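Undergrad: Take this structure, written in structure tokens, and hold onto it; I'll ask about it next.
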Amino acid sequence: MCEKRGRRGKGKLSTLIHTRMYYMNHNRLTMIIPEQSKRFSFIILGFILDSLVSKLDQNVCFGDLGCFSTAPPFRSVERPVDLLPKSPIEQQIKFYLHTRESPSTASEEEIQVGSGVGSTHYSGSRKTKFLVHGFTHHGHRQWLLNLATALLNKEDLNVIIVDWGHGAGIPYAQATANTRVVGALIAQLIKELTLVGPSLADFHIIGHSLGAHIAGYAGERLHTLGQITGLDPADPYFQGTDVRVRLDPSDADFVDVIHTDGSSILQLGFGTMQQMGHVDFYPNGGAHQPGCDADFMGTLSHTVWAAVTQLDTLAAEGAVACSHERSYILYTDSVSNNCPYTAYPCTSGSEYAAGHCLSCTGTGCSEMGYNSKNFSAQGSFYLDTASISPFCEFHYQVNITGRNNMDGVITLVLQGTNGRSANIPLMADNEVHTKGHIISKFIKVPNDIGTLTNIALEYDKTSSVLTGWAYPDDWQLMGVSIFSAEEQRMYTFCAYGKTLTSHKPIAMGLTGTC
């Protein structure tokens with residue numbers, strides 16, 4: 001089936017240019033050129049413009065996959081260079097099957113489009129997951145093998161790794177064009193696989209970067225695909241484009257997206273911040289990830305250093321694309337470990353960072369990664385993760401009210417049924433708070449300490465000789481409460497009437513045990 005990319009876009013373009021030129025030059029032309037000459041000039045100009053635009057529109061057809069055009073919406077302001085895709089043969093696209101019977105690279109089996117499943121271990125009674133890499137990667141990259149292994153340990157599945165490495169290389173514009181053919185070929189293979197048992201609802205495509213948009217192209221052709229997971233979908237040539245060009249919610253019954261590298265391309269950000277799914281997750285705000293450089297020069301210097309000292313292109317890539325690659329690391333971790341990855345609905349990263357979005361009432365919360373489909377909530381969701389595994393963190397909102405003024409730093413320790421937290425400074429530097437003011441702080445704990453049982457608080461008064469004299473050494477409390485976001489539970493503690501003497505921590509139990 002040929003893609004429908006009509007000439008209407010060209011007509012709009014030439015009409016827009018005609019109109020704009022006409023109004024810009026109308027008064028001047030009226031004074032100089034007779035009316036008939038003007039009409040003739042615009043007819044000739046329109047013919048030339050249509051001719052130039054039409055030469056930009058090219059088509060190529062690949063048998064059952066249909067035809068592919070460079071016409072709008074694929075050529076646009078967001079994608080000024082639009083090339084024709086290469087054929088499946090030129091790209092050498094391969095499909096490698098991994099099952100519990102053939103889990104490793106040594107035992108993987110190749111499935112060929114048009115040849116059926118043959119004697120492979122593919123089973124129509126099992127669900128099938130496709131894994132699709134992105135730009136400059138190939139089908140035997142370690143992250144794909146790690147994810148395939150984690151999925152097979154979790155479920156009895158058919159896992160098919162799509163290798164389009166020969167089409168995913170530089171230049172980026174060509175790799176971008178090639179994604180359309182890869183998506184079409186995946187769709188054709190899925191149609192063939194449904195003949196041996198599974199329904200389209202049993203298929204799930206997980207794609208990273210350009211692979212996320214490949215998943216979208218496949219889903220667009222299938223109409224009722226079960227699920228697509230986009231792992232930091234590529235931004236360049238995709239963000240802001242028509243839904244036919246990029247991943248969008250209509251590509252599957254359920255589309256979940258993890259954004260990890262949505263900073264500006266000027267800061268070497270490769271991923272998009274644009275919502276593209278039913279559920280979009282923004283760990284750590286979605287732009288930069290902990291443990292990765294957040295600025296251009298830091299990223300560039302670490303990339304060069306890794307390349308020179310380790311003589312390893314993968315190490316250099318890991319530096320420059322650290323946040324971009326974190327998406328598939330987090331997803332794999334969500335499969336392998338028991339981290340909850342609870343994510344909270346919010347309108348922006350700044351609102352979430354202020355601690356304003358920890359409630360699951362209303363639209364409800366979700367869970368990033370493997371379990372996302374088990375939740376009905378839709379929209380944008382935020383959460384925090386650590387820089388190393390286990391990545392999940394546990395979120396608390398701390399509220400403290402004092403009976404007198406204070407200037408200093410408060411440190412908190414949480415004690416729960418599973419253990420205790422480290423010392424948590426509630427402010428980075430001295431802060432002044434007046435009596436009756438509620439000090440509200442959003443904190444994260446890297447380990448699950450269980451149900452809270454008690455806390456310890458310490459007040460360290462400012463040592464400034466300029467202002468310290470104005471504040472007492474003793475800070476009197478009116479109340480302390482802590483909201484556990486994961487539990488959606490508020491804890492209150494025996495704080496009323498307690499006095500914190502500077503540099504002397506005190507413990508407090510739960511209200512009711514005072």
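Convention: chains lettered A, B, ... in structure tokens order; per-chain residue numbering from 1; ligands numbered from 1 as shown.
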Quick one: residues within 10 Å of stretch 279-281 of chain A, only C-alpha atoms counted, chain neighbours fewer than 3 positions away excluded, as number ranges by chain?

TA: A: 229-232, 249, 254-260, 273-276, 284-286, 343-345, 366-369, 372-373, 375-383

Undergrad: List the neighbours of A:Ile443 out to 12 Å using only C-alpha atoms; skip same-chain residues closer than 6 positions along the sequence, and give me the result as a VMD selection string.

TA: chain A and resid 352 to 355 358 383 to 384 393 to 399 411 to 414 421 to 427 482 to 485

Undergrad: Need to verify the contact set: stretch 287-292 of chain A, 6 Å, only C-alpha atoms, exclusion of same-chain residues closer than 5 positions in sequence. Can you return it as a list of chain:residue names?

TA: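 The residues that qualify are A:Thr260, A:Asp261, A:Gly262, A:Ser263, A:Cys322, A:Ser323, A:Ser387.
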
Undergrad: Identify, with DSSP run on backbone atoms, the residues in stretch 187-310 of chain A assigned to strand (DSSP E), and express the list as a short mmCIF file (atom, residue, chain, number, x, y, z; two decimals) with C-alpha atoms, in the first residue's frame.

TA:
data_model
loop_
_atom_site.label_atom_id
_atom_site.label_comp_id
_atom_site.auth_asym_id
_atom_site.auth_seq_id
_atom_site.Cartn_x
_atom_site.Cartn_y
_atom_site.Cartn_z
CA PHE A 203 2.49 -7.74 20.43
CA HIS A 204 4.59 -5.09 22.14
CA ILE A 205 7.31 -3.04 20.42
CA ILE A 206 9.99 -1.42 22.61
CA GLY A 207 12.08 1.11 20.70
CA HIS A 208 14.92 3.41 21.73
CA GLN A 227 1.56 -1.73 23.08
CA ILE A 228 4.47 0.51 22.14
CA THR A 229 7.10 1.66 24.60
CA GLY A 230 9.18 4.63 23.43
CA LEU A 231 12.52 4.93 25.20
CA PHE A 254 -1.31 1.72 24.75
CA VAL A 255 1.75 3.91 24.19
CA ASP A 256 4.07 4.68 27.10
CA VAL A 257 7.12 6.91 26.74
CA ILE A 258 10.15 7.52 28.97
CA VAL A 279 1.50 8.09 29.36
CA ASP A 280 4.72 10.13 29.30
CA PHE A 281 7.25 9.69 32.11
CA TYR A 282 9.83 12.35 32.97
CA PRO A 283 12.34 10.88 35.45
#

Undergrad: Quote the spacing between atom CA of A:Leu247 and atom CA of A:His213 in Å to one decimal place.

TA: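 A separation of 4.9 Å between them.
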
Undergrad: Go ahead and compute the interatomic distance for atom CA of A:Phe62 and atom CA of A:Gly169, in Å to one decimal.

TA: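 Atom CA of A:Gly169 lies at a distance of 20.8 Å from atom CA of A:Phe62.
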
Undergrad: To one decimal place in Å, what is the distance between atom CA of A:Cys339 and atom CA of A:Gln488?

TA: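 Rounded to one decimal, the two atoms are 16.6 Å apart.
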
Undergrad: Enumerate the residues of stretch 47-218 of chain A with a DSSP assignment of helix (DSSP H, G or I), computed from the backbone, and present them as an NGL selection string.

TA: :A and (47-56 or 63-65 or 88-91 or 142-154 or 165-167 or 172-196 or 200-202 or 210-218)

Undergrad: Neighbouring residues of stretch 110-119 of chain A were defined as those with any atom within 7 Å, considering only C-alpha atoms; residues of the same chain fewer than 3 positions away were excluded. Please report them as a PDB file with N, CA and C atoms, in the first residue's frame.

TA:
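The resulting selection_5.pdb:
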ATOM      1  N   PHE A  95      15.895 -10.126  11.855  1.00  0.00           N
ATOM      2  CA  PHE A  95      15.067 -10.337  13.043  1.00  0.00           C
ATOM      3  C   PHE A  95      15.589 -11.561  13.788  1.00  0.00           C
ATOM      4  N   TYR A  96      16.086 -11.343  15.011  1.00  0.00           N
ATOM      5  CA  TYR A  96      16.674 -12.427  15.805  1.00  0.00           C
ATOM      6  C   TYR A  96      15.727 -12.809  16.940  1.00  0.00           C
ATOM      7  N   LEU A  97      15.333 -14.073  16.960  1.00  0.00           N
ATOM      8  CA  LEU A  97      14.399 -14.583  17.960  1.00  0.00           C
ATOM      9  C   LEU A  97      15.139 -15.113  19.182  1.00  0.00           C
ATOM     10  N   TYR A 122       9.678 -20.128  17.913  1.00  0.00           N
ATOM     11  CA  TYR A 122       8.590 -19.163  18.044  1.00  0.00           C
ATOM     12  C   TYR A 122       7.290 -19.901  18.338  1.00  0.00           C
ATOM     13  N   LEU A 189       6.013  -8.389   9.188  1.00  0.00           N
ATOM     14  CA  LEU A 189       6.345  -9.607   9.927  1.00  0.00           C
ATOM     15  C   LEU A 189       5.277  -9.910  10.983  1.00  0.00           C
ATOM     16  N   GLU A 192       2.334 -11.574   9.524  1.00  0.00           N
ATOM     17  CA  GLU A 192       2.599 -12.982   9.232  1.00  0.00           C
ATOM     18  C   GLU A 192       2.575 -13.824  10.509  1.00  0.00           C
TER      19      GLU A 192
END
